[in-house]
$ cat query24.tsv   # TSV, C-alpha atoms
chain	number	residue	atom	x	y	z
A	15	MET	CA	19.57	-29.30	18.44
A	16	ASN	CA	22.08	-28.31	15.77
A	17	ARG	CA	25.20	-26.23	16.37
A	18	ALA	CA	23.59	-22.90	15.40
A	19	GLU	CA	20.58	-23.50	17.65
A	20	LYS	CA	22.83	-24.46	20.54
A	21	ALA	CA	24.93	-21.31	20.11
A	22	ALA	CA	21.78	-19.13	19.98
A	23	LEU	CA	20.49	-20.77	23.18
A	24	GLN	CA	23.81	-20.24	24.97
A	25	LEU	CA	23.95	-16.57	23.98
A	26	GLN	CA	20.35	-16.06	25.05
A	27	ALA	CA	21.17	-17.60	28.43
A	28	VAL	CA	24.08	-15.19	28.86
A	29	ALA	CA	21.78	-12.28	27.96
A	30	VAL	CA	19.31	-13.45	30.61
A	31	LEU	CA	22.02	-13.67	33.26
A	32	ARG	CA	23.49	-10.27	32.42
A	33	THR	CA	20.06	-8.67	32.63
A	34	LEU	CA	19.28	-10.23	35.99
A	35	LYS	CA	22.76	-9.42	37.32
A	36	GLU	CA	22.12	-5.69	36.94
A	37	THR	CA	20.10	-5.69	40.17
A	38	ARG	CA	21.56	-8.71	41.97
A	39	THR	CA	24.77	-9.95	43.53
A	40	TYR	CA	26.17	-13.24	42.26
A	41	ASP	CA	24.94	-14.98	45.39
A	42	GLU	CA	21.43	-13.64	44.80
A	43	LEU	CA	21.63	-14.68	41.16
A	44	ALA	CA	22.69	-18.14	42.30
A	45	ASP	CA	19.53	-18.34	44.44
A	46	VAL	CA	17.40	-17.46	41.41
A	47	THR	CA	19.06	-19.84	38.95
A	48	GLY	CA	20.31	-22.64	41.18
A	49	LEU	CA	23.79	-22.36	39.61
A	50	PRO	CA	27.07	-21.76	41.48
A	51	ALA	CA	28.01	-18.10	41.90
A	52	GLY	CA	31.51	-18.71	40.50
A	53	ASP	CA	30.15	-20.23	37.30
A	54	LEU	CA	27.67	-17.38	36.92
A	55	ASN	CA	30.53	-14.88	37.21
A	56	ARG	CA	32.33	-16.59	34.32
A	57	TYR	CA	29.17	-16.67	32.17
A	58	VAL	CA	28.25	-13.03	32.79
A	59	ASN	CA	31.78	-11.81	32.10
A	60	GLY	CA	32.08	-13.78	28.89
A	61	HIS	CA	34.88	-16.10	29.97
A	62	VAL	CA	32.91	-19.22	29.04
A	63	LEU	CA	29.46	-20.12	27.70
A	64	PRO	CA	27.07	-22.29	29.71
A	65	GLY	CA	26.55	-25.82	28.46
A	66	GLU	CA	23.39	-26.73	26.59
A	67	GLU	CA	21.63	-28.17	29.65
A	68	ARG	CA	22.43	-25.18	31.84
A	69	ALA	CA	21.56	-22.73	29.09
A	70	GLU	CA	18.15	-24.37	28.66
A	71	ALA	CA	17.57	-24.24	32.42
A	72	VAL	CA	18.40	-20.52	32.56
A	73	VAL	CA	16.24	-19.53	29.59
A	74	SER	CA	13.23	-21.62	30.58
A	75	GLY	CA	13.62	-20.97	34.30
A	76	VAL	CA	13.11	-17.21	34.25
A	77	GLY	CA	9.51	-16.98	35.37
A	78	ARG	CA	6.95	-14.22	35.50
A	79	GLU	CA	7.58	-13.38	39.16
A	80	THR	CA	11.31	-12.95	38.58
A	81	LEU	CA	10.81	-10.67	35.58
A	82	ALA	CA	8.01	-8.74	37.30
A	83	ALA	CA	10.33	-8.05	40.25
A	84	GLU	CA	13.05	-6.97	37.82
A	85	LEU	CA	10.63	-4.64	36.06
A	86	ARG	CA	9.46	-3.05	39.31
A	87	GLU	CA	13.07	-2.16	40.08
A	88	ARG	CA	13.23	-0.28	36.76
A	89	VAL	CA	10.04	1.77	37.18
A	90	SER	CA	9.55	4.99	39.15
A	91	PHE	CA	6.70	7.45	39.72
A	92	ASP	CA	6.92	11.18	40.21
A	93	GLU	CA	4.82	13.20	42.67
A	94	GLU	CA	1.99	13.57	40.13
A	95	GLY	CA	1.84	9.85	39.40
A	96	TYR	CA	3.55	9.92	36.01
A	97	VAL	CA	5.52	6.78	35.19
A	98	ASP	CA	9.15	6.64	34.15
A	99	ASN	CA	9.74	3.21	32.61
A	100	SER	CA	12.60	4.21	30.33
A	101	ARG	CA	15.00	1.77	32.04
A	102	ALA	CA	12.72	-1.02	30.81
A	103	VAL	CA	11.57	0.12	27.37
A	104	PHE	CA	15.09	1.21	26.38
A	105	ASP	CA	16.55	-2.18	27.32
A	106	GLN	CA	15.95	-4.51	24.38
A	107	PRO	CA	17.62	-7.57	25.98
A	108	PHE	CA	15.25	-7.24	28.95
A	109	LEU	CA	12.23	-6.96	26.66
A	110	ASP	CA	13.41	-10.03	24.76
A	111	LEU	CA	13.06	-11.92	28.04
A	112	VAL	CA	9.54	-10.61	28.60
A	113	ALA	CA	8.08	-11.90	25.35
A	114	PRO	CA	8.21	-15.68	25.99
A	115	VAL	CA	7.09	-15.24	29.62
A	116	ALA	CA	4.11	-13.13	28.52
A	117	ALA	CA	3.19	-15.64	25.87
A	118	GLU	CA	3.28	-18.54	28.34
A	119	HIS	CA	1.47	-16.70	31.15
A	120	LEU	CA	-1.43	-15.38	29.08
A	121	GLU	CA	-1.48	-18.26	26.59
A	122	PHE	CA	-1.62	-16.11	23.48
A	123	GLU	CA	-2.13	-17.79	20.16
A	124	ARG	CA	0.72	-17.08	17.76
A	125	PRO	CA	-0.20	-13.80	15.99
A	126	ASP	CA	0.51	-12.83	12.41
A	127	VAL	CA	1.01	-9.20	13.46
A	128	VAL	CA	1.98	-7.43	16.67
A	129	LEU	CA	0.34	-4.00	16.81
A	130	THR	CA	1.41	-1.19	19.12
A	131	ALA	CA	1.33	2.60	19.38
A	132	ALA	CA	4.26	4.88	18.67
A	133	THR	CA	6.55	5.49	20.34
A	134	ASP	CA	7.25	3.80	23.68
A	135	GLY	CA	5.49	0.59	22.66
A	136	ILE	CA	7.73	-0.01	19.67
A	137	THR	CA	10.59	-1.75	21.48
A	138	LEU	CA	8.20	-4.13	23.27
A	139	GLY	CA	6.34	-4.70	20.01
A	140	ALA	CA	9.60	-5.60	18.29
A	141	ALA	CA	10.49	-8.10	21.05
A	142	MET	CA	7.08	-9.77	20.92
A	143	ALA	CA	7.14	-9.91	17.11
A	144	SER	CA	10.61	-11.46	17.13
A	145	HIS	CA	9.52	-14.12	19.61
A	146	PHE	CA	6.46	-15.08	17.56
A	147	ASP	CA	8.22	-14.64	14.19
A	148	ALA	CA	5.46	-12.17	13.33
A	149	ARG	CA	5.31	-8.78	11.64
A	150	VAL	CA	5.28	-5.65	13.79
A	151	ALA	CA	3.14	-2.60	13.03
A	152	TYR	CA	2.58	0.60	14.94
A	153	ALA	CA	-0.10	3.24	14.80
A	154	LYS	CA	0.89	6.90	14.94
A	155	LYS	CA	-0.84	10.14	15.86
A	156	SER	CA	0.00	11.61	12.45
A	157	LYS	CA	-0.21	10.40	8.86
A	158	GLU	CA	2.84	9.40	6.86
A	159	THR	CA	3.12	11.62	3.80
A	160	ALA	CA	3.74	8.87	1.24
A	161	VAL	CA	1.00	6.52	2.47
A	162	GLU	CA	-2.25	6.82	0.53
A	163	GLU	CA	-4.69	4.80	2.63
A	164	PHE	CA	-5.03	4.57	6.41
A	165	VAL	CA	-7.18	2.90	9.02
A	166	GLU	CA	-8.15	5.67	11.43
A	167	SER	CA	-9.55	5.56	14.95
A	168	ARG	CA	-10.35	8.60	17.06
A	169	GLN	CA	-11.86	9.34	20.44
A	170	ARG	CA	-12.69	12.47	22.40
A	171	LEU	CA	-11.22	12.16	25.87
A	172	ALA	CA	-12.85	13.34	29.08
A	173	SER	CA	-10.48	16.32	29.04
A	174	GLY	CA	-11.93	17.42	25.70
A	175	ILE	CA	-8.78	16.52	23.77
A	176	GLU	CA	-9.31	14.39	20.68
A	177	LEU	CA	-6.95	11.42	20.36
A	178	THR	CA	-6.47	9.91	16.90
A	179	TYR	CA	-4.31	7.04	15.68
A	180	TYR	CA	-3.53	6.15	12.08
A	181	LEU	CA	-2.29	2.84	10.71
A	182	PRO	CA	-1.34	2.27	7.06
A	183	ALA	CA	-4.09	0.08	5.62
A	184	SER	CA	-1.54	-2.34	4.18
A	185	ALA	CA	-0.14	-3.18	7.63
A	186	VAL	CA	-2.87	-5.67	8.60
A	187	ASP	CA	-5.01	-7.91	6.38
A	188	ALA	CA	-8.51	-9.22	7.06
A	189	GLY	CA	-8.48	-12.59	8.75
A	190	GLU	CA	-5.04	-12.18	10.28
A	191	SER	CA	-4.42	-12.60	14.00
A	192	VAL	CA	-3.22	-9.45	15.80
A	193	LEU	CA	-1.65	-9.12	19.24
A	194	VAL	CA	-2.05	-5.60	20.69
A	195	VAL	CA	0.81	-4.59	22.98
A	196	ASP	CA	1.94	-1.42	24.74
A	197	ASP	CA	4.44	-0.43	27.38
A	198	LEU	CA	1.79	0.97	29.74
A	199	ILE	CA	-1.95	0.67	30.27
A	200	ARG	CA	-3.70	3.09	32.63
A	201	SER	CA	-7.01	4.41	31.29
A	202	GLY	CA	-7.15	1.96	28.39
A	203	GLU	CA	-7.89	4.68	25.82
A	204	THR	CA	-4.92	3.86	23.60
A	205	GLN	CA	-5.68	0.13	23.72
A	206	GLU	CA	-9.32	0.81	22.86
A	207	LEU	CA	-8.26	2.73	19.76
A	208	LEU	CA	-5.84	-0.01	18.71
A	209	LEU	CA	-8.54	-2.65	19.16
A	210	ASP	CA	-10.90	-0.54	17.06
A	211	ILE	CA	-8.27	-0.42	14.31
A	212	VAL	CA	-7.96	-4.22	14.43
A	213	HIS	CA	-11.73	-4.62	14.14
A	214	GLN	CA	-11.88	-2.19	11.22
A	215	THR	CA	-9.34	-4.24	9.28
A	216	GLY	CA	-11.39	-7.40	9.69
A	217	ALA	CA	-8.55	-9.09	11.60
A	218	ASP	CA	-8.88	-11.15	14.78
A	219	VAL	CA	-7.54	-10.12	18.19
A	220	ALA	CA	-5.07	-12.65	19.62
A	221	GLY	CA	-4.73	-10.75	22.90
A	222	VAL	CA	-3.79	-7.51	24.64
A	223	PHE	CA	-0.59	-7.23	26.63
A	224	ALA	CA	1.02	-4.33	28.49
A	225	LEU	CA	4.34	-4.29	30.26
A	226	ILE	CA	2.85	-2.28	33.14
A	227	ALA	CA	-0.75	-1.81	34.28
A	228	VAL	CA	-1.54	1.11	36.59
A	229	GLY	CA	-4.78	0.29	38.35
A	230	ASP	CA	-7.57	-1.86	36.90
A	231	GLU	CA	-9.36	0.67	34.69
A	232	GLY	CA	-7.37	0.11	31.51
A	233	VAL	CA	-7.34	-3.68	31.72
A	234	ASP	CA	-11.08	-3.78	32.42
A	235	ARG	CA	-11.73	-1.41	29.53
A	236	ALA	CA	-9.76	-3.57	27.12
A	237	ARG	CA	-11.62	-6.68	28.27
A	238	ARG	CA	-14.93	-5.03	27.36
A	239	HIS	CA	-13.73	-4.86	23.75
A	240	THR	CA	-12.37	-8.37	23.28
A	241	ASP	CA	-12.78	-11.92	24.53
A	242	ALA	CA	-9.07	-12.59	23.91
A	243	PRO	CA	-6.59	-12.76	26.82
A	244	VAL	CA	-5.75	-9.38	28.41
A	245	GLY	CA	-3.00	-8.82	30.96
A	246	SER	CA	0.28	-7.27	32.01
A	247	LEU	CA	3.63	-8.36	33.37
A	248	THR	CA	3.19	-6.33	36.55
A	249	GLN	CA	0.61	-4.01	38.10
A	250	PHE	CA	0.82	-0.93	40.28
A	251	ASP	CA	-2.04	0.55	42.27
A	252	GLY	CA	-3.81	3.41	40.53
A	253	GLU	CA	-3.36	6.92	41.84

$ encode --input "query24.tsv" --output "structure tokens"
Amino acid sequence: MNRAEKAALQLQAVAVLRTLKETRTYDELADVTGLPAGDLNRYVNGHVLPGEERAEAVVSGVGRETLAAELRERVSFDEEGYVDNSRAVFDQPFLDLVAPVAAEHLEFERPDVVLTAATDGITLGAAMASHFDARVAYAKKSKETAVEEFVESRQRLASGIELTYYLPASAVDAGESVLVVDDLIRSGETQELLLDIVHQTGADVAGVFALIAVGDEGVDRARRHTDAPVGSLTQFDGE
């Protein structure tokens, strides 16, 4: 490992610790990481960087259960069952931790493109794309004025409302591998439209990943449209 790689690893380890510290005492953080509470205090407060061995242990040691518990602390539901996950999707350092854990847990192949839907999926899409060194693209519910050609997918919902997503045709090429991600999957309608866009481009689906799944309906619906891995970081019971 050269000097630049070591520095990047150390800074990533500090980012991990600062994120986990938001909902833990230093003693609790010590239980998670196996490192002394006093040393963790110095790392989190920027007094010193962890050594290479410790930094590697911190970055690789943050597992799915730890991040899922962290995510659940950041999510709330109102009386009608609507989800507020802004404390997660607005926290880019936290999402940067999610990407490698999601990749390892669901065993995604490295994609060429990470595709999501505007707007709440964009920050997660950016984190996943950065981890895989892939491009990020997002479909929108309206057309960009200067774009001449789009891939379009639409569906009439049970409520009678028509949902349409548009993706610039140049965003994905035939034969590329595409990972579909979103912050939330409930009914699976958005994911179904994104998967349809991928199929229209002639690209291959690497997988489908959501930060949060509410119930099983959306995940099951996505699985009916692809044989690629489908999953989420954490799941809540459907309302």

$ residues_near_point --input "query24.tsv" --point "(5.9, -16.3, 28.3)" --cutoff "10 Å" --atoms "all atoms listed in the file" --output "ChimeraX atom specification"
/A:74,76-78,111-122,142,145,247

$ closest_residue --input "query24.tsv" --among "A:Leu63, A:Leu31, A:Ala151, A:Leu25" --to "Leu81 of chain A" --atoms "all atoms listed in the file"
A:Leu31

$ closest_atom_pairs --input "query24.tsv" --of "segment 90-188 of chain A" --to "segment 217-223 of chain A" --cutoff "8 Å" --atoms "all atoms listed in the file" --output "tab-separated table"
residue	atom	partner	partner_atom	distance
A:Ala116	CA	A:Phe223	CA	7.8
A:Phe122	CA	A:Gly221	CA	6.2
A:Glu123	CA	A:Ala220	CA	5.9
A:Arg124	CA	A:Ala220	CA	7.5
A:Pro125	CA	A:Ala220	CA	6.2
A:Val186	CA	A:Ala217	CA	7.3
A:Asp187	CA	A:Ala217	CA	6.4
A:Ala188	CA	A:Ala217	CA	4.5

$ closest_residue --input "query24.tsv" --among "A:Thr178, A:Thr37, A:Thr130, A:Ser184" --to "Ala83 of chain A" --atoms "only C-alpha atoms"
A:Thr37

$ atom_distance --input "query24.tsv" --atom1 "atom CA of Gln205 of chain A" --atom2 "atom CA of Ile175 of chain A"
16.7 Å

$ residues_near_point --input "query24.tsv" --point "(17.1, -24.4, 40.6)" --cutoff "10 Å" --atoms "only C-alpha atoms" --output "list in words"
Ala44, Asp45, Val46, Thr47, Gly48, Leu49, Ala71, Val72 and Gly75 of chain A

$ residues_around --input "query24.tsv" --residues "Val194 of chain A" --least-positions-apart "5" --cutoff "12 Å" --atoms "all atoms listed in the file" --output "number ranges by chain"
A: 122, 125-131, 135-136, 138-140, 142-143, 150-153, 199, 202, 204-213, 217-225, 236, 240, 242-246

$ closest_residue --input "query24.tsv" --among "A:Ala227, A:Ala185, A:Ala141, A:Ala27" --to "Phe164 of chain A" --atoms "only C-alpha atoms"
A:Ala185

$ closest_residue --input "query24.tsv" --among "A:Glu66, A:Arg86, A:Asp147, A:Leu109" --to "Gln249 of chain A" --atoms "only C-alpha atoms"
A:Arg86

$ atom_distance --input "query24.tsv" --atom1 "atom CA of Thr137 of chain A" --atom2 "atom CA of Asp197 of chain A"
8.6 Å

$ closest_residue --input "query24.tsv" --among "A:Asp110, A:Pro50, A:Asp41, A:Pro64" --to "Val28 of chain A" --atoms "all atoms listed in the file"
A:Pro64

$ residues_around --input "query24.tsv" --residues "Tyr180 of chain A" --least-positions-apart "6" --cutoff "6 Å" --atoms "only C-alpha atoms" --output "PyMOL selection string"
chain A and resi 153-154+165-166

$ decode --input "query24.tsv" --residues "segment 22-95 of chain A" --atoms "C-alpha atoms" --output "mmCIF file, in the first residue's frame"
data_model
loop_
_atom_site.group_PDB
_atom_site.id
_atom_site.type_symbol
_atom_site.label_atom_id
_atom_site.label_comp_id
_atom_site.auth_asym_id
_atom_site.auth_seq_id
_atom_site.Cartn_x
_atom_site.Cartn_y
_atom_site.Cartn_z
ATOM 1 C CA ALA A 22 -7.219 7.361 2.076
ATOM 2 C CA LEU A 23 -7.754 4.249 4.220
ATOM 3 C CA GLN A 24 -7.036 6.160 7.434
ATOM 4 C CA LEU A 25 -9.448 8.948 6.521
ATOM 5 C CA GLN A 26 -12.127 6.438 5.577
ATOM 6 C CA ALA A 27 -11.682 4.744 8.957
ATOM 7 C CA VAL A 28 -12.153 8.076 10.729
ATOM 8 C CA ALA A 29 -15.307 8.701 8.667
ATOM 9 C CA VAL A 30 -16.635 5.292 9.722
ATOM 10 C CA LEU A 31 -15.956 6.000 13.389
ATOM 11 C CA ARG A 32 -17.513 9.459 13.292
ATOM 12 C CA THR A 33 -20.642 8.074 11.662
ATOM 13 C CA LEU A 34 -21.019 5.292 14.207
ATOM 14 C CA LYS A 35 -20.262 7.662 17.093
ATOM 15 C CA GLU A 36 -23.359 9.733 16.300
ATOM 16 C CA THR A 37 -25.558 7.155 18.039
ATOM 17 C CA ARG A 38 -23.076 5.551 20.451
ATOM 18 C CA THR A 39 -20.963 6.347 23.470
ATOM 19 C CA TYR A 40 -17.234 5.692 23.223
ATOM 20 C CA ASP A 41 -17.636 2.584 25.345
ATOM 21 C CA GLU A 42 -20.324 1.283 22.991
ATOM 22 C CA LEU A 43 -18.140 2.124 20.010
ATOM 23 C CA ALA A 44 -15.308 0.216 21.663
ATOM 24 C CA ASP A 45 -17.569 -2.850 21.891
ATOM 25 C CA VAL A 46 -18.326 -2.597 18.161
ATOM 26 C CA THR A 47 -14.750 -2.056 16.987
ATOM 27 C CA GLY A 48 -12.698 -3.825 19.647
ATOM 28 C CA LEU A 49 -10.524 -0.701 20.066
ATOM 29 C CA PRO A 50 -9.895 1.197 23.331
ATOM 30 C CA ALA A 51 -12.377 3.994 24.039
ATOM 31 C CA GLY A 52 -9.568 6.496 24.649
ATOM 32 C CA ASP A 53 -7.994 5.818 21.269
ATOM 33 C CA LEU A 54 -11.378 6.089 19.567
ATOM 34 C CA ASN A 55 -11.888 9.500 21.182
ATOM 35 C CA ARG A 56 -8.607 10.714 19.686
ATOM 36 C CA TYR A 57 -9.465 9.336 16.231
ATOM 37 C CA VAL A 58 -12.984 10.790 16.155
ATOM 38 C CA ASN A 59 -11.820 14.212 17.318
ATOM 39 C CA GLY A 60 -9.016 14.368 14.788
ATOM 40 C CA HIS A 61 -6.115 14.383 17.240
ATOM 41 C CA VAL A 62 -4.427 11.427 15.547
ATOM 42 C CA LEU A 63 -5.086 9.025 12.670
ATOM 43 C CA PRO A 64 -5.384 5.282 13.253
ATOM 44 C CA GLY A 65 -2.491 3.168 12.048
ATOM 45 C CA GLU A 66 -2.807 1.151 8.859
ATOM 46 C CA GLU A 67 -3.695 -2.104 10.634
ATOM 47 C CA ARG A 68 -6.352 -0.490 12.813
ATOM 48 C CA ALA A 69 -7.744 1.513 9.912
ATOM 49 C CA GLU A 70 -8.125 -1.674 7.865
ATOM 50 C CA ALA A 71 -9.854 -3.397 10.788
ATOM 51 C CA VAL A 72 -12.335 -0.536 11.195
ATOM 52 C CA VAL A 73 -13.207 -0.244 7.504
ATOM 53 C CA SER A 74 -13.534 -3.983 6.884
ATOM 54 C CA GLY A 75 -15.127 -4.702 10.256
ATOM 55 C CA VAL A 76 -18.285 -2.646 9.817
ATOM 56 C CA GLY A 77 -20.757 -5.357 8.921
ATOM 57 C CA ARG A 78 -24.301 -5.388 7.623
ATOM 58 C CA GLU A 79 -25.891 -5.803 11.057
ATOM 59 C CA THR A 80 -24.047 -2.788 12.451
ATOM 60 C CA LEU A 81 -25.028 -0.560 9.535
ATOM 61 C CA ALA A 82 -28.600 -1.872 9.503
ATOM 62 C CA ALA A 83 -28.935 -0.982 13.202
ATOM 63 C CA GLU A 84 -27.476 2.459 12.465
ATOM 64 C CA LEU A 85 -29.952 2.957 9.626
ATOM 65 C CA ARG A 86 -32.930 1.957 11.757
ATOM 66 C CA GLU A 87 -31.974 4.668 14.235
ATOM 67 C CA ARG A 88 -32.180 7.216 11.400
ATOM 68 C CA VAL A 89 -35.609 6.195 10.049
ATOM 69 C CA SER A 90 -39.042 7.165 11.369
ATOM 70 C CA PHE A 91 -42.653 6.585 10.302
ATOM 71 C CA ASP A 92 -45.589 8.915 10.699
ATOM 72 C CA GLU A 93 -49.120 7.844 11.657
ATOM 73 C CA GLU A 94 -50.019 7.119 8.015
ATOM 74 C CA GLY A 95 -46.969 4.941 7.452
#
